[in-house]
Amino acid sequence: MRVAPLSDVLGAEIAGIDVARDLDGESFGAVLDAFHRYRVLVFREQFLDPADQVAFASRFGPLEVHDNRRYNLPDNEHVMVLSNDLRDGEPVGVPDAGDSWHTDLRT
């Protein structure tokens, strides 16, 4: 696993690891240390299904279920679909999710 800073102030790219398959306790400890140091991490070319995504995210702490459950996956309430695609005239995901951002689900 390699950690490469993306700038002098924020962010790092982590390469050489598959977060869905190769993340043992020691490797996750290195990821967590990098997160605390760089605050934003980039993992390129990761192919996570919803269960893999939830498993990886939950290693950082308890997950919340978004209050607006309309766009959550039916079989995984911790994953919300963000999309501006329409199906039969209805959005398949949150169409305006990029308009604002916050982490705590509260406005």
# chains A, B, ... in the order shown; residues from 1 in each chain; ligands from 1

$ select_by_dssp --residues "chain A" --states "strand (DSSP E)" --output "ChimeraX atom specification"
/A:2-5,12-15,41-43,72-73,76-80,86-87,90-91

$ residues_around --residues "Ile17 (chain A)" --least-positions-apart "3" --cutoff "9 Å" --atoms "only C-alpha atoms" --output "ChimeraX atom specification"
/A:1-2,14,20-23,27,43,46

$ select_by_dssp --residues "region 6-107 of chain A" --states "alpha helix (DSSP H)" --output "PyMOL selection string"
chain A and resi 25-38+50-58

$ closest_residue --among "A:Asp24, A:Gly89, A:His78, A:Val40" --to "Gly11 (chain A)" --atoms "only C-alpha atoms"
A:Val40

$ residues_around --residues "region 90-94 of chain A" --least-positions-apart "2" --cutoff "12 Å" --atoms "only C-alpha atoms" --output "VMD selection string"
chain A and resid 66 68 to 73 79 to 88 96 to 100

$ closest_residue --among "A:Phe60, A:Ala51, A:Arg37, A:Ala30" --to "Pro5 (chain A)" --atoms "only C-alpha atoms"
A:Arg37
